[in-house]
$ cat start_3.csv   # CSV, C-alpha atoms
chain,number,residue,atom,x,y,z
A,1217,MET,CA,120.6,112.4,-17.8
A,1218,SER,CA,121.3,111.2,-14.3
A,1219,TYR,CA,119.9,112.8,-11.1
A,1220,ARG,CA,122.9,113.3,-8.9
A,1221,ILE,CA,122.5,113.2,-5.1
A,1222,ALA,CA,125.5,114.0,-2.9
A,1223,ILE,CA,125.5,113.1,0.8
A,1224,ALA,CA,127.9,115.0,3.0
A,1225,SER,CA,128.5,116.2,6.6
A,1226,GLY,CA,130.6,118.8,8.3
A,1227,LYS,CA,132.3,116.2,10.4
A,1228,GLY,CA,133.0,112.5,10.5
A,1229,GLY,CA,130.9,109.9,12.4
A,1230,THR,CA,127.5,111.5,11.8
A,1231,GLY,CA,126.2,108.6,9.7
A,1232,LYS,CA,126.9,109.9,6.2
A,1233,THR,CA,127.9,106.5,4.9
A,1234,THR,CA,125.0,104.8,6.6
A,1235,VAL,CA,122.6,107.1,4.8
A,1236,SER,CA,124.4,106.7,1.5
A,1237,VAL,CA,124.4,102.9,1.6
A,1238,ASN,CA,120.8,102.6,2.8
A,1239,LEU,CA,119.5,105.0,0.1
A,1240,PHE,CA,121.4,103.1,-2.6
A,1241,LYS,CA,120.0,99.8,-1.4
A,1242,ARG,CA,116.4,101.0,-1.1
A,1243,LEU,CA,116.4,102.9,-4.4
A,1244,ASN,CA,117.4,99.7,-6.1
A,1245,GLU,CA,114.7,97.8,-4.4
A,1246,ARG,CA,111.9,100.3,-5.0
A,1247,ARG,CA,112.7,101.4,-8.5
A,1248,GLY,CA,114.4,98.5,-10.2
A,1249,THR,CA,116.4,100.9,-12.3
A,1250,LYS,CA,120.1,101.8,-12.6
A,1251,VAL,CA,121.5,103.4,-9.4
A,1252,GLN,CA,125.2,104.1,-8.9
A,1253,LEU,CA,126.8,104.5,-5.5
A,1254,VAL,CA,130.2,106.3,-5.7
A,1255,ASP,CA,132.4,106.4,-2.6
A,1256,CYS,CA,134.3,109.7,-2.9
A,1257,ASP,CA,136.0,109.4,0.5
A,1258,VAL,CA,139.1,108.3,-1.3
A,1259,GLU,CA,141.4,108.4,1.8
A,1260,GLU,CA,139.2,105.9,3.6
A,1261,PRO,CA,136.5,104.4,1.4
A,1262,ASN,CA,134.3,102.1,3.4
A,1263,ASP,CA,130.9,101.8,1.6
A,1264,ILE,CA,132.1,98.4,0.3
A,1265,ILE,CA,132.2,96.8,3.8
A,1266,PHE,CA,128.4,96.8,3.8
A,1267,PHE,CA,128.2,94.6,0.7
A,1268,CYS,CA,129.7,91.2,1.8
A,1269,ASP,CA,128.8,89.7,-1.6
A,1270,ALA,CA,130.6,92.4,-3.7
A,1271,GLU,CA,133.1,91.3,-6.3
A,1272,VAL,CA,135.7,93.4,-8.0
A,1273,ILE,CA,135.0,93.6,-11.7
A,1274,ASP,CA,137.6,96.3,-12.8
A,1275,VAL,CA,140.4,98.4,-11.4
A,1276,GLN,CA,141.8,101.5,-13.2
A,1277,GLU,CA,144.9,103.2,-12.1
A,1278,VAL,CA,144.9,107.0,-12.0
A,1279,SER,CA,148.1,108.9,-12.5
A,1280,GLN,CA,149.3,112.5,-12.2
A,1281,LYS,CA,151.8,114.3,-14.4
A,1282,VAL,CA,154.7,115.2,-12.2
A,1283,PRO,CA,157.3,117.7,-13.5
A,1284,GLU,CA,161.0,117.4,-12.8
A,1285,ILE,CA,163.8,119.9,-13.4
A,1286,ASP,CA,166.7,119.0,-15.7
A,1287,SER,CA,169.6,120.5,-13.8
A,1288,GLU,CA,171.8,120.4,-17.0
A,1289,LYS,CA,169.4,122.7,-18.9
A,1290,CYS,CA,168.3,124.8,-15.9
A,1291,THR,CA,169.8,128.3,-15.6
A,1292,PHE,CA,168.4,128.7,-12.1
A,1293,CYS,CA,166.5,131.9,-13.1
A,1294,ARG,CA,163.7,131.2,-10.6
A,1295,LYS,CA,160.9,132.1,-12.9
A,1296,CYS,CA,159.3,128.7,-12.2
A,1297,VAL,CA,159.3,129.5,-8.5
A,1298,GLU,CA,157.6,132.8,-9.2
A,1299,TYR,CA,154.9,131.1,-11.3
A,1300,CYS,CA,154.2,128.3,-8.9
A,1301,GLU,CA,151.1,129.0,-6.7
A,1302,PHE,CA,151.7,126.0,-4.5
A,1303,ASN,CA,155.3,126.6,-3.3
A,1304,ALA,CA,156.3,123.3,-4.7
A,1305,ILE,CA,159.6,124.5,-6.3
A,1306,VAL,CA,162.9,125.3,-4.6
A,1307,VAL,CA,165.7,126.9,-6.7
A,1308,LEU,CA,168.9,128.0,-5.0
A,1309,PRO,CA,171.1,129.6,-7.7
A,1310,SER,CA,174.1,130.0,-5.4
A,1311,VAL,CA,174.5,126.2,-5.1
A,1312,SER,CA,173.0,125.3,-8.5
A,1313,PHE,CA,170.1,123.5,-6.9
A,1314,ALA,CA,166.6,123.1,-8.3
A,1315,GLU,CA,163.9,120.7,-7.2
A,1316,ILE,CA,160.1,120.2,-7.4
A,1317,ASN,CA,158.3,118.7,-4.4
A,1318,PRO,CA,155.8,116.2,-5.9
A,1319,THR,CA,153.7,116.1,-2.8
A,1320,LEU,CA,153.0,119.8,-3.2
A,1321,CYS,CA,152.7,119.9,-7.0
A,1322,HIS,CA,149.2,120.1,-8.4
A,1323,SER,CA,150.3,119.5,-12.0
A,1324,CYS,CA,148.9,122.8,-13.2
A,1325,GLY,CA,151.7,123.3,-15.8
A,1326,ALA,CA,152.6,126.8,-14.7
A,1327,CYS,CA,156.3,125.9,-14.4
A,1328,SER,CA,156.4,124.7,-18.0
A,1329,VAL,CA,155.0,128.0,-19.1
A,1330,ALA,CA,157.5,129.9,-17.1
A,1331,CYS,CA,160.6,128.0,-18.2
A,1332,GLU,CA,162.3,129.4,-21.2
A,1333,ASP,CA,165.1,126.9,-21.2
A,1334,ASP,CA,163.1,123.7,-21.8
A,1335,ALA,CA,164.3,122.4,-18.4
A,1336,ILE,CA,161.0,121.0,-17.2
A,1337,ILE,CA,160.4,117.4,-18.0
A,1338,LYS,CA,157.3,115.4,-17.0
A,1339,HIS,CA,156.6,111.8,-16.0
A,1340,TYR,CA,153.5,110.0,-14.6
A,1341,LYS,CA,153.1,109.0,-11.0
A,1342,PRO,CA,150.3,106.9,-9.7
A,1343,ILE,CA,148.0,108.7,-7.2
A,1344,GLY,CA,145.4,106.0,-6.7
A,1345,ALA,CA,143.0,103.7,-8.4
A,1346,ILE,CA,139.3,103.4,-9.2
A,1347,HIS,CA,137.6,100.1,-8.2
A,1348,TYR,CA,134.3,98.9,-9.7
A,1349,TYR,CA,132.3,96.3,-7.9
A,1350,LYS,CA,129.4,93.9,-8.7
A,1351,THR,CA,126.9,93.4,-6.0
A,1352,LYS,CA,123.7,91.3,-5.9
A,1353,GLU,CA,121.8,94.5,-6.7
A,1354,ASN,CA,123.8,95.5,-9.8
A,1355,ASN,CA,127.2,96.7,-11.0
A,1356,GLY,CA,126.6,100.1,-9.4
A,1357,LEU,CA,129.3,100.5,-6.8
A,1358,ALA,CA,132.5,102.3,-7.4
A,1359,GLU,CA,135.2,103.8,-5.1
A,1360,GLY,CA,138.4,105.7,-5.3
A,1361,LYS,CA,141.4,104.6,-3.3
A,1362,LEU,CA,144.2,107.1,-2.8
A,1363,GLU,CA,147.8,106.0,-2.9
A,1364,ILE,CA,149.3,106.0,0.6
A,1365,GLY,CA,151.2,109.3,1.0
A,1366,SER,CA,149.5,111.1,-1.9
A,1367,THR,CA,147.8,114.4,-1.3
A,1368,MET,CA,145.9,114.4,-4.6
A,1369,GLN,CA,142.4,113.6,-3.2
A,1370,THR,CA,140.7,116.2,-5.3
A,1371,LYS,CA,142.2,115.0,-8.6
A,1372,LEU,CA,141.3,111.4,-7.8
A,1373,ILE,CA,137.7,112.3,-7.0
A,1374,ARG,CA,137.5,114.3,-10.2
A,1375,GLU,CA,138.7,111.4,-12.3
A,1376,LEU,CA,136.4,109.0,-10.4
A,1377,LYS,CA,133.4,111.1,-11.2
A,1378,LYS,CA,134.4,111.4,-14.9
A,1379,LYS,CA,134.4,107.6,-15.1
A,1380,ILE,CA,130.8,107.2,-13.9
A,1381,SER,CA,128.3,106.6,-16.7
A,1382,ASP,CA,125.6,109.2,-17.1
A,1383,GLN,CA,123.3,106.4,-18.3
A,1384,ASN,CA,122.5,105.7,-14.6
A,1385,ASP,CA,119.1,107.1,-13.5
A,1386,ILE,CA,120.5,108.1,-10.1
A,1387,ILE,CA,124.0,108.6,-8.9
A,1388,ILE,CA,124.7,108.9,-5.2
A,1389,TYR,CA,128.0,110.5,-4.2
A,1390,ASP,CA,129.2,109.6,-0.7
A,1391,ALA,CA,131.4,112.7,0.1
A,1392,PRO,CA,134.4,112.9,2.4
A,1393,PRO,CA,133.8,114.5,5.8
A,1394,GLY,CA,134.5,118.1,6.4
A,1395,THR,CA,134.4,121.2,4.2
A,1396,SER,CA,137.7,121.0,2.4
A,1397,CYS,CA,138.5,120.9,-1.4
A,1398,PRO,CA,137.7,117.2,-1.8
A,1399,VAL,CA,134.2,117.8,-0.5
A,1400,VAL,CA,133.7,120.7,-2.9
A,1401,GLU,CA,134.9,118.6,-5.8
A,1402,THR,CA,132.4,115.9,-4.8
A,1403,ILE,CA,129.3,118.0,-4.3
A,1404,HIS,CA,129.6,121.0,-6.6
A,1405,ASP,CA,127.7,119.7,-9.6
A,1406,SER,CA,125.0,117.7,-7.7
A,1407,ASP,CA,121.3,118.2,-8.3
A,1408,TYR,CA,120.5,117.8,-4.7
A,1409,LEU,CA,122.6,117.6,-1.5
A,1410,ILE,CA,121.7,115.8,1.7
A,1411,LEU,CA,123.5,117.0,4.8
A,1412,VAL,CA,123.7,114.5,7.6
A,1413,ALA,CA,124.0,116.0,11.1
A,1414,GLU,CA,123.7,114.8,14.7
A,1415,PRO,CA,121.9,116.8,17.4
A,1416,THR,CA,124.9,117.7,19.5
A,1417,LEU,CA,126.9,121.0,20.0
A,1418,PHE,CA,129.7,119.7,17.8
A,1419,GLY,CA,127.2,118.4,15.2
A,1420,LEU,CA,125.5,121.8,15.0
A,1421,HIS,CA,128.8,123.7,14.8
A,1422,ASP,CA,130.0,121.7,11.8
A,1423,LEU,CA,126.6,121.8,10.2
A,1424,LYS,CA,126.7,125.5,10.2
A,1425,LEU,CA,130.1,125.4,8.4
A,1426,MET,CA,128.7,123.1,5.8
A,1427,VAL,CA,125.6,125.2,5.3
A,1428,ALA,CA,127.7,128.3,4.7
A,1429,LEU,CA,129.8,126.4,2.1
A,1430,VAL,CA,126.7,125.0,0.3
A,1431,ARG,CA,125.0,128.3,0.1
A,1432,GLU,CA,128.2,129.8,-1.3
A,1433,ILE,CA,128.2,127.2,-4.1
A,1434,GLY,CA,124.4,127.6,-4.6
A,1435,LEU,CA,123.2,124.1,-4.2
A,1436,GLU,CA,119.7,122.9,-3.2
A,1437,PHE,CA,119.9,121.0,0.0
A,1438,GLY,CA,118.1,119.5,3.0
A,1439,VAL,CA,119.2,118.0,6.3
A,1440,VAL,CA,118.8,114.5,7.8
A,1441,ILE,CA,119.3,114.4,11.5
A,1442,ASN,CA,120.8,111.1,12.6
A,1443,LYS,CA,121.0,109.7,16.2
A,1444,VAL,CA,117.9,111.5,17.2
A,1445,GLY,CA,117.4,111.2,21.0
A,1446,LEU,CA,121.0,112.1,21.8
A,1447,GLY,CA,122.2,115.6,22.5
A,1448,ASP,CA,119.7,118.5,22.5
A,1449,ASN,CA,117.2,120.4,20.4
A,1450,ASP,CA,119.3,123.4,19.3
A,1451,ILE,CA,119.8,122.0,15.8
A,1452,TYR,CA,116.0,122.1,15.2
A,1453,GLU,CA,115.8,125.8,16.2
A,1454,TYR,CA,118.7,126.5,13.9
A,1455,LEU,CA,117.0,124.8,10.9
A,1456,VAL,CA,113.8,126.8,11.5
A,1457,ASN,CA,115.6,130.1,11.9
A,1458,GLU,CA,117.6,129.5,8.7
A,1459,HIS,CA,114.6,128.1,6.7
A,1460,ILE,CA,116.4,124.8,6.0
A,1461,GLU,CA,114.3,121.8,5.1
A,1462,LEU,CA,114.4,118.8,7.4
A,1463,LEU,CA,114.3,115.8,5.2
A,1464,GLY,CA,114.0,113.2,7.9
A,1465,GLU,CA,115.1,112.0,11.3
A,1466,ILE,CA,116.8,108.7,12.1
A,1467,PRO,CA,116.4,107.8,15.8
A,1468,PHE,CA,119.3,106.5,17.8
A,1469,SER,CA,119.1,102.7,18.3
A,1470,LYS,CA,121.6,100.4,20.1
A,1471,GLU,CA,120.3,97.6,18.0
A,1472,TYR,CA,121.0,99.5,14.8
A,1473,ALA,CA,124.4,100.5,16.1
A,1474,SER,CA,125.2,96.8,16.7
A,1475,LEU,CA,124.1,96.0,13.1
A,1476,TYR,CA,126.4,98.7,11.8
A,1477,ALA,CA,129.3,97.2,13.7
A,1478,GLU,CA,128.7,93.9,12.0
A,1479,GLY,CA,128.3,95.5,8.5
A,1480,GLU,CA,124.6,94.6,8.4
A,1481,ILE,CA,122.8,98.0,8.1
A,1482,THR,CA,121.0,97.1,4.8
A,1483,GLY,CA,119.3,93.9,5.9
A,1484,GLU,CA,116.7,93.4,8.6
A,1485,ILE,CA,116.7,96.7,10.5
A,1486,PRO,CA,114.5,98.1,13.3
A,1487,GLU,CA,111.1,99.2,12.0
A,1488,MET,CA,111.5,102.8,13.2
A,1489,ILE,CA,114.7,103.0,11.2
A,1490,HIS,CA,113.1,101.5,8.2
A,1491,GLN,CA,110.2,104.0,8.4
A,1492,SER,CA,112.7,106.9,8.6
A,1493,TYR,CA,114.3,105.9,5.3
A,1494,THR,CA,110.9,105.5,3.7
A,1495,GLU,CA,110.0,109.1,4.6
A,1496,ILE,CA,113.3,110.4,3.3
A,1497,LEU,CA,112.8,108.5,0.0
A,1498,ASP,CA,109.3,109.8,-0.4
A,1499,THR,CA,110.7,113.4,-0.1
A,1500,LEU,CA,113.5,112.7,-2.6
A,1501,ASN,CA,111.0,111.2,-5.0
A,1502,LEU,CA,109.1,114.5,-5.1
A,1503,LYS,CA,112.2,116.5,-5.7
A,1504,MET,CA,113.3,114.2,-8.6
A,1505,MET,CA,109.9,114.3,-10.2
A,1506,HIS,CA,110.0,118.1,-10.2
A,1507,HIS,CA,113.6,118.3,-11.4
A,1508,GLU,CA,114.0,119.8,-14.9
A,1509,GLY,CA,114.5,117.0,-17.4
A,1510,ASN,CA,113.8,114.2,-14.9
A,1511,HIS,CA,110.0,114.2,-14.8
A,1512,HIS,CA,110.1,110.5,-15.7
A,1513,ILE,CA,112.0,109.6,-12.4
A,1514,LYS,CA,109.5,108.1,-10.0
A,1515,TRP,CA,108.7,104.8,-8.3
$ encode --input "start_3.csv" --output "structure tokens"
Amino acid sequence: MSYRIAIASGKGGTGKTTVSVNLFKRLNERRGTKVQLVDCDVEEPNDIIFFCDAEVIDVQEVSQKVPEIDSEKCTFCRKCVEYCEFNAIVVLPSVSFAEINPTLCHSCGACSVACEDDAIIKHYKPIGAIHYYKTKENNGLAEGKLEIGSTMQTKLIRELKKKISDQNDIIIYDAPPGTSCPVVETIHDSDYLILVAEPTLFGLHDLKLMVALVREIGLEFGVVINKVGLGDNDIYEYLVNEHIELLGEIPFSKEYASLYAEGEITGEIPEMIHQSYTEILDTLNLKMMHHEGNHHIKW
């Protein structure tokens, strides 16, 4: 059974992907076992840019069942409109018009249940694809890519996670930014959640939103503070008052920022950054060793 670590943040730009990629790289190096990195930011997946040697080994299309209304069978009774929770259906009996908006439809099937005239027909529409990559570490990198114009992020993430083999020792989910439905879909079944935050007023505000969400779900979590040295110390006071575990701190470094811009954050990095990840990994190791059913996980 895999130990699933999700990495999320209340806002973009905090360093969530940086932490995800580095933990993936270092877990592979230190354990020599099967680690899977899954980029669930399907609107803009970018984990792959930090693996210049990666090669695509498989691509699987993901489709959605999209209903349509057969106007010849439809009696324009509007029952489907009443059943639809997403306001995706427009029926105007006075002009014999009936249409389903595919961008609002969630393929829940309620309209088919409502229709007594067999006027609902379905076809498949691509919403994105799952890409699998081979890197010099292993075959453990996968990402979802949403079709341009599609709003089915949550469905694509769900399908992406289903495809990941549970034979991996550790699975790392790199979540989308924010606190919306795609984030919930990514993190809800994780064994442990890492929240990445920056020590600024905006960073603290969005961390509070994320903490409220995570506590509602009931996940075990800790915080990594990135870009330490910028902003202020309010975030530390918040963590103490809320009894939230601080997993580690990653100091702000212009040298490291330059390496990020060149896609080189997993190679030769500043010693203080390397030490930060070492401490985070040591803390995660203890959590994995004490996790029920995963006492064998250690390095």
$ closest_residue --input "start_3.csv" --among "A:Tyr1219, A:Phe1313, A:Tyr1349, A:Tyr1299" --to "A:Val1272" --atoms "only C-alpha atoms"
A:Tyr1349
$ closest_residue --input "start_3.csv" --among "A:Lys1443, A:Lys1281, A:His1490, A:Lys1503" --to "A:Phe1468" --atoms "all atoms listed in the file"
A:Lys1443
$ residues_near_point --input "start_3.csv" --point "(120.6, 103.7, 9.6)" --cutoff "12 Å" --atoms "all atoms listed in the file" --output "VMD selection string"
chain A and resid 1230 to 1239 1241 to 1242 1266 1412 1440 to 1444 1464 to 1477 1479 to 1494 1496
$ closest_residue --input "start_3.csv" --among "A:Ile1221, A:Val1456, A:Val1258, A:Cys1268" --to "A:Phe1437" --atoms "all atoms listed in the file"
A:Ile1221
$ residues_around --input "start_3.csv" --residues "A:Ala1304" --least-positions-apart "3" --cutoff "7 Å" --atoms "all atoms listed in the file" --output "list in words"
Cys1300, Ile1316, Asn1317, Leu1320 and Cys1321 of chain A
$ atom_distance --input "start_3.csv" --atom1 "atom CA of A:Ile1380" --atom2 "atom CA of A:Glu1363"
20.3 Å
$ atom_distance --input "start_3.csv" --atom1 "atom CA of A:Leu1253" --atom2 "atom CA of A:Leu1376"
11.7 Å
